[in-house]
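Coordinates from protein-v6.txt are shown below (compact mmCIF, C-alpha atoms).
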```txt
# COMPACT_ATOMS: atom_id res chain seq x y z
CA GLY A 1 37.21 8.92 -44.57
CA PRO A 2 39.78 7.40 -42.17
CA VAL A 3 39.90 4.18 -44.20
CA ARG A 4 41.73 6.01 -46.99
CA LEU A 5 44.60 6.62 -44.58
CA CYS A 6 45.27 2.88 -44.31
CA PRO A 7 46.75 1.95 -47.72
CA ASN A 8 48.20 -1.33 -46.40
CA LEU A 9 44.89 -2.60 -45.04
CA GLU A 10 44.22 -6.20 -46.08
CA GLU A 11 40.85 -6.90 -44.45
CA LEU A 12 37.94 -4.51 -43.94
CA TYR A 13 34.78 -5.31 -41.98
CA LEU A 14 31.88 -2.88 -42.27
CA ALA A 15 28.95 -5.27 -41.80
CA ASN A 16 25.80 -4.35 -39.90
CA ASN A 17 25.89 -0.63 -40.49
CA LYS A 18 23.58 1.63 -42.49
CA LEU A 19 25.76 2.09 -45.56
CA LYS A 20 23.87 2.90 -48.75
CA VAL A 21 26.82 3.04 -51.15
CA ILE A 22 30.26 1.51 -51.59
CA ALA A 23 32.71 4.41 -51.57
CA GLY A 24 36.20 5.42 -50.51
CA LEU A 25 37.91 2.08 -51.18
CA GLY A 26 39.78 2.87 -54.38
CA GLN A 27 43.14 3.53 -52.71
CA LEU A 28 43.20 0.32 -50.69
CA LYS A 29 45.31 -1.63 -53.17
CA GLN A 30 46.28 -4.34 -50.67
CA LEU A 31 42.74 -5.30 -49.66
CA ARG A 32 42.10 -9.04 -49.83
CA LYS A 33 38.76 -9.22 -48.04
CA ILE A 34 35.81 -6.85 -47.67
CA ASP A 35 32.69 -7.59 -45.62
CA LEU A 36 29.84 -5.17 -46.34
CA GLY A 37 27.02 -7.48 -45.31
CA ALA A 38 23.78 -6.35 -43.67
CA ASN A 39 23.77 -2.78 -44.99
CA ARG A 40 21.50 -0.92 -47.43
CA ILE A 41 23.64 -1.13 -50.55
CA ARG A 42 21.78 -1.29 -53.88
CA THR A 43 24.58 -1.38 -56.49
CA ILE A 44 28.14 -2.69 -56.91
CA PRO A 45 30.03 0.25 -58.48
CA GLU A 46 32.89 -0.72 -60.77
CA GLU A 47 34.64 2.62 -60.31
CA GLU A 48 35.01 1.95 -56.58
CA LEU A 49 36.28 -1.62 -56.98
CA ALA A 50 38.46 -1.18 -60.05
CA GLY A 51 41.64 -0.54 -58.05
CA LEU A 52 41.23 -3.54 -55.75
CA GLU A 53 43.29 -5.87 -57.91
CA ASN A 54 44.28 -8.09 -54.96
CA LEU A 55 40.76 -8.62 -53.62
CA GLU A 56 39.99 -12.31 -52.99
CA GLU A 57 36.78 -12.16 -50.94
CA LEU A 58 33.75 -9.89 -51.34
CA TRP A 59 30.88 -10.35 -48.88
CA LEU A 60 27.69 -8.43 -49.71
CA GLY A 61 24.96 -10.55 -48.12
CA LYS A 62 21.76 -9.00 -46.73
CA ASN A 63 21.68 -5.83 -48.80
CA LYS A 64 19.31 -4.60 -51.54
CA ILE A 65 21.38 -5.44 -54.60
CA GLU A 66 19.41 -6.26 -57.76
CA ASN A 67 22.28 -7.04 -60.17
CA ILE A 68 25.77 -8.52 -59.98
CA GLY A 69 28.17 -6.15 -61.69
CA GLY A 70 31.26 -4.01 -61.25
CA LEU A 71 33.59 -7.00 -60.86
CA ASP A 72 35.48 -6.84 -64.17
CA ARG A 73 38.77 -5.78 -62.55
CA LEU A 74 38.63 -8.26 -59.68
CA THR A 75 40.66 -10.96 -61.38
CA LYS A 76 41.78 -12.62 -58.14
CA LEU A 77 38.35 -12.97 -56.57
CA ARG A 78 37.86 -16.42 -54.98
CA ARG A 79 34.77 -15.97 -52.80
CA LEU A 80 31.66 -13.97 -53.63
CA ASP A 81 28.66 -13.67 -51.31
CA VAL A 82 25.55 -11.83 -52.51
CA GLN A 83 22.98 -13.88 -50.62
CA ALA A 84 19.74 -12.43 -49.26
CA ASN A 85 19.53 -9.64 -51.82
CA ARG A 86 17.17 -9.01 -54.74
CA LEU A 87 18.93 -10.92 -57.50
CA THR A 88 17.07 -12.66 -60.31
CA ARG A 89 20.12 -13.43 -62.48
CA VAL A 90 23.70 -14.66 -62.06
CA GLU A 91 25.78 -12.62 -64.48
CA ASN A 92 28.89 -10.53 -65.13
CA LEU A 93 31.39 -13.05 -63.73
CA THR A 94 33.56 -13.41 -66.83
CA ALA A 95 36.63 -11.97 -65.11
CA GLN A 96 36.41 -14.67 -62.41
CA VAL A 97 36.13 -17.71 -64.68
CA ASP A 98 39.51 -19.09 -63.57
CA THR A 99 39.63 -17.84 -59.97
CA LEU A 100 36.17 -18.10 -58.39
CA GLU A 101 35.99 -20.99 -55.92
CA GLU A 102 32.89 -20.29 -53.81
CA LEU A 103 29.64 -18.55 -54.78
CA TYR A 104 26.93 -17.84 -52.18
CA LEU A 105 23.60 -16.63 -53.59
CA ALA A 106 20.98 -18.12 -51.25
CA HIS A 107 17.72 -16.30 -50.53
CA ASN A 108 17.26 -14.48 -53.82
CA GLY A 109 14.81 -14.83 -56.73
CA ILE A 110 16.97 -16.73 -59.23
CA ASP A 111 15.23 -19.23 -61.55
CA ASP A 112 16.68 -21.66 -64.12
CA GLU A 113 16.96 -18.98 -66.77
CA GLY A 114 18.59 -16.54 -64.38
CA ALA A 115 21.10 -19.22 -63.37
CA SER A 116 22.02 -19.89 -67.02
CA CYS A 117 23.21 -16.49 -68.22
CA GLU A 118 26.13 -16.54 -70.66
CA THR A 119 28.23 -14.29 -68.45
CA GLY A 120 27.28 -16.17 -65.31
CA LEU A 121 27.07 -19.85 -64.43
CA ALA A 122 27.03 -20.87 -68.09
CA LEU A 123 30.76 -20.08 -68.14
CA GLY A 124 33.27 -22.91 -67.81
CA PHE A 125 34.53 -22.07 -64.33
CA THR A 126 37.69 -24.06 -63.70
CA ALA A 127 37.94 -23.70 -59.91
CA LEU A 128 34.34 -23.23 -58.73
CA ASN A 129 33.85 -25.94 -56.09
CA THR A 130 31.02 -24.61 -53.90
CA ILE A 131 27.68 -23.10 -54.94
CA ASP A 132 24.87 -22.10 -52.61
CA LEU A 133 21.60 -21.29 -54.36
CA SER A 134 19.31 -22.40 -51.56
CA ARG A 135 15.95 -20.65 -51.26
CA ASN A 136 15.64 -19.47 -54.83
CA ARG A 137 13.26 -20.43 -57.67
CA LEU A 138 15.11 -23.24 -59.40
CA LYS A 139 13.21 -26.11 -61.00
CA SER A 140 16.17 -28.22 -62.13
CA THR A 141 19.90 -28.74 -61.73
CA LYS A 142 20.72 -28.19 -65.41
CA PRO A 143 22.53 -24.86 -64.88
CA PHE A 144 25.27 -26.69 -62.94
CA ALA A 145 25.77 -29.86 -65.01
CA HIS A 146 28.91 -28.59 -66.81
CA LEU A 147 30.79 -27.36 -63.72
CA LEU A 148 33.42 -30.09 -63.48
CA ALA A 149 35.19 -28.69 -60.38
CA LEU A 150 31.98 -28.69 -58.31
CA GLU A 151 32.33 -30.39 -54.93
CA GLU A 152 29.40 -28.93 -52.95
CA LEU A 153 26.01 -27.93 -54.37
CA TRP A 154 23.43 -26.49 -51.97
CA LEU A 155 19.94 -26.17 -53.45
CA SER A 156 17.65 -26.55 -50.44
CA GLY A 157 14.26 -24.90 -50.56
CA ASN A 158 13.78 -24.60 -54.32
CA SER A 159 11.09 -26.13 -56.59
CA ILE A 160 12.89 -29.22 -57.91
CA GLN A 161 10.09 -31.73 -58.39
CA THR A 162 11.41 -35.08 -59.64
CA PHE A 163 14.58 -37.08 -60.20
CA ASP A 164 14.33 -36.22 -63.89
CA ASP A 165 15.06 -32.66 -62.80
CA VAL A 166 18.24 -33.86 -61.04
CA GLU A 167 19.38 -36.29 -63.73
CA SER A 168 21.62 -33.68 -65.36
CA LEU A 169 24.06 -34.02 -62.44
CA SER A 170 24.63 -37.74 -62.97
CA ALA A 171 27.56 -37.08 -65.33
CA LEU A 172 29.32 -35.11 -62.59
CA GLY A 173 29.11 -38.13 -60.30
CA THR A 174 30.07 -40.86 -62.75
CA ARG A 175 32.87 -39.36 -64.86
CA ASP A 176 36.56 -40.07 -64.28
CA GLY A 177 37.83 -37.76 -61.58
CA ALA A 178 34.33 -37.05 -60.27
CA CYS A 179 34.52 -34.69 -57.30
CA LEU A 180 30.88 -33.80 -56.48
CA GLU A 181 30.70 -35.03 -52.89
CA GLY A 182 27.91 -33.10 -51.20
CA ILE A 183 24.42 -32.03 -52.26
CA TYR A 184 21.57 -30.40 -50.37
CA LEU A 185 18.09 -30.87 -51.85
CA GLU A 186 16.03 -30.89 -48.66
CA MET A 187 12.82 -28.83 -48.74
CA ASN A 188 12.39 -29.52 -52.46
CA PRO A 189 9.44 -31.68 -53.57
CA VAL A 190 11.86 -34.36 -54.80
CA ALA A 191 13.12 -34.87 -51.24
CA GLY A 192 9.72 -36.29 -50.30
CA ASP A 193 10.31 -39.41 -52.38
CA PHE A 194 10.33 -42.57 -50.24
CA GLU A 195 13.70 -43.66 -51.67
CA TYR A 196 15.12 -40.15 -52.03
CA ARG A 197 18.55 -40.85 -50.54
CA LYS A 198 18.95 -44.23 -52.24
CA LYS A 199 18.03 -42.94 -55.69
CA LEU A 200 20.23 -39.88 -55.35
CA ALA A 201 23.23 -41.96 -54.27
CA GLN A 202 22.73 -44.30 -57.23
CA MET A 203 22.38 -41.41 -59.66
CA ILE A 204 25.50 -39.60 -58.40
CA PRO A 205 27.92 -42.30 -57.12
CA SER A 206 30.58 -39.79 -56.11
CA LEU A 207 28.38 -38.38 -53.33
CA LYS A 208 29.58 -38.72 -49.75
CA GLN A 209 26.88 -36.56 -48.18
CA ILE A 210 23.21 -35.92 -48.90
CA ASP A 211 21.75 -33.01 -46.97
CA ALA A 212 23.15 -33.18 -43.42
CA ASN A 213 23.81 -36.93 -43.49
CA ALA A 214 26.88 -38.82 -44.64
CA ILE A 215 26.56 -41.84 -46.91
CA GLY A 216 27.99 -45.13 -45.60
CA GLY A 217 30.10 -45.64 -42.50
CA ASN A 218 33.46 -44.24 -43.49
CA HIS A 219 32.65 -40.57 -43.92
CA ALA A 220 32.32 -37.81 -41.39
CA ILE A 221 29.63 -35.41 -40.31
CA GLY A 222 31.13 -32.17 -39.05
CA GLY A 223 34.43 -33.96 -38.48
CA VAL A 224 32.87 -36.73 -36.34
CA PRO A 225 33.06 -40.23 -37.87
CA THR A 226 29.59 -41.67 -38.42
CA ALA A 227 30.35 -44.85 -36.42
CA ARG A 228 31.22 -42.73 -33.41
CA MET A 229 28.22 -40.51 -34.07
CA GLN A 230 25.92 -43.54 -34.15
CA GLY A 231 27.33 -44.67 -30.81
CA MET A 232 26.56 -41.26 -29.34
CA VAL A 233 23.02 -41.38 -30.72
CA ASP A 234 22.47 -44.88 -29.28
CA ARG A 235 23.78 -43.74 -25.89
CA MET A 236 21.44 -40.73 -25.90
CA ARG A 237 18.51 -43.00 -26.70
CA GLU A 238 19.43 -45.27 -23.79
CA LEU A 239 19.54 -42.31 -21.42
CA GLN A 240 16.20 -41.03 -22.73
CA ASP A 241 14.59 -44.46 -22.31
CA ALA A 242 15.95 -44.73 -18.76
CA ALA A 243 14.61 -41.27 -17.91
CA LEU A 244 11.19 -42.18 -19.31
CA ARG A 245 11.11 -45.39 -17.27
CA ARG A 246 12.00 -43.50 -14.10
CA ALA A 247 9.34 -40.88 -14.78
CA SER A 248 6.75 -43.59 -15.41
CA GLU A 249 7.68 -45.43 -12.21
CA GLN A 250 7.51 -42.23 -10.17
CA ALA A 251 4.13 -41.38 -11.66
CA GLU A 252 2.75 -44.82 -10.80
CA ALA A 253 4.14 -44.56 -7.26
CA GLY A 254 2.53 -41.15 -6.86
CA GLN A 255 -0.84 -42.44 -8.02
CA GLU A 256 -0.72 -45.34 -5.56
CA ALA A 257 0.15 -43.03 -2.70
CA ALA A 258 -2.72 -40.69 -3.60
CA GLN A 259 -5.38 -43.43 -3.64
CA PRO A 260 -7.42 -43.53 -0.39
CA GLU A 261 -7.29 -46.79 1.56
CA PRO A 262 -10.54 -48.77 1.35
CA ALA A 263 -12.74 -48.45 4.43
CA ASP A 264 -13.00 -51.51 6.71
CA ALA A 265 -16.18 -53.44 6.12
CA GLU A 266 -18.49 -53.41 9.11
CA GLY A 267 -19.19 -56.83 10.51
```

As structure tokens, what does this structure read like?
Amino acid sequence: GPVRLCPNLEELYLANNKLKVIAGLGQLKQLRKIDLGANRIRTIPEEELAGLENLEELWLGKNKIENIGGLDRLTKLRRLDVQANRLTRVENLTAQVDTLEELYLAHNGIDDEGASCETGLALGFTALNTIDLSRNRLKSTKPFAHLLALEELWLSGNSIQTFDDVESLSALGTRDGACLEGIYLEMNPVAGDFEYRKKLAQMIPSLKQIDANAIGGNHAIGGVPTARMQGMVDRMRELQDAALRRASEQAEAGQEAAQPEPADAEG
């Protein structure tokens, strides 16, 4: 197709089409980013990706992919997105052990065993700092306990029951040079614990954010310092209270106006 005529192309966006296969990319040696999300792709063919030696980002979310594969030649890959597919295992990432920085696999069917494959997350990734396995079938955090470069771990909407199932991460938050700063465990049974945030912060002291909320007063939420954010929240509450008072006063005034005046007593 026409894409083959663009050998110097560095970014290619083909999301939201009806593609069933990955084809015609072999000559695009300069490609650094491909977005093939929201198509109908079922496999990741190695023969089509083998020549993409400069590829750094591969986005394949919202397809019908059942297995991660075909990545053996992608030795510069930094970001991989295969979320919202049909995965049950994280595997075949050996070639990315020293380059992969971000891995997005939310909305699949991956359980603890599937997250512990020898050629997948069991590897000693040296640069992997962000993992998203939200909305899968995980029951513990053990598959991630050895990933020393991990900064963000998103596990919302799994089946993690108790703090014993999270305990494996404590070493990541207490060791010298600890860098695990953010964790998402909302919509897991463990998040229903009365002291959920307190216990988690004690277990993993390096944390700066739990779910969408920063810990303490010196960190930021979305770039907004929490002290400033709290001031905004307080101001909004004041405005809401004032509006409620005005509405209540108007309602009372309306009721008084609607009441008929008592008839004069006949003498």

So how far away is atom CA of A:Leu147 from atom CA of A:Gly177, in Å?
12.7 Å

Box in all listed atoms of stretch 189-196 of chain A, axis-aligned, with 8 Å more on each side; write out centre and edge lengths in Å to one decimal as JSON.
```
{"center_x": 12.3, "center_y": -37.7, "center_z": -52.5, "size_x": 21.7, "size_y": 28.0, "size_z": 20.6}
```

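Excluding A:Leu31 itself and same-chain residues fewer than 5 positions from it, the residues having an atom within 9 Å of it are Pro7, Asn8, Leu9, Glu10, Glu11, Leu12, Leu25, Leu52, Glu53, Asn54, Leu55 and Glu56 of chain A, counting all atoms listed in the file.
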
For A:Asn129, the nearest of the candidates A:Glu181, A:Glu113, A:Asp164, A:Glu91, counting all atoms listed in the file
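Between A:Glu181, A:Glu113, A:Asp164, A:Glu91, the residue approaching A:Asn129 most closely is A:Glu181.
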
Please measure the separation of atom CA of A:Asn39 and atom CA of A:Asn63, giving the value in Å to one decimal.
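For atom CA of A:Asn39 relative to atom CA of A:Asn63, the distance reads 5.3 Å.
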
I'd like a table as a tab-separated table: residues in stretch 68-174 of chain A with an atom no more than 10 Å from stretch 207-215 of chain A, each row giving the shortest atom pair and its distance in Å to one decimal, only C-alpha atoms counted, sorted by chain and rising residue number.
```
residue	atom	partner	partner_atom	distance
A:Glu151	CA	A:Leu207	CA	9.1
A:Glu152	CA	A:Gln209	CA	9.3
A:Leu153	CA	A:Asp211	CA	9.9
A:Trp154	CA	A:Asp211	CA	8.4
A:Leu155	CA	A:Asp211	CA	9.6
A:Ser156	CA	A:Asp211	CA	8.4
A:Leu172	CA	A:Leu207	CA	9.9
A:Gly173	CA	A:Leu207	CA	7.0
A:Thr174	CA	A:Leu207	CA	9.9
```
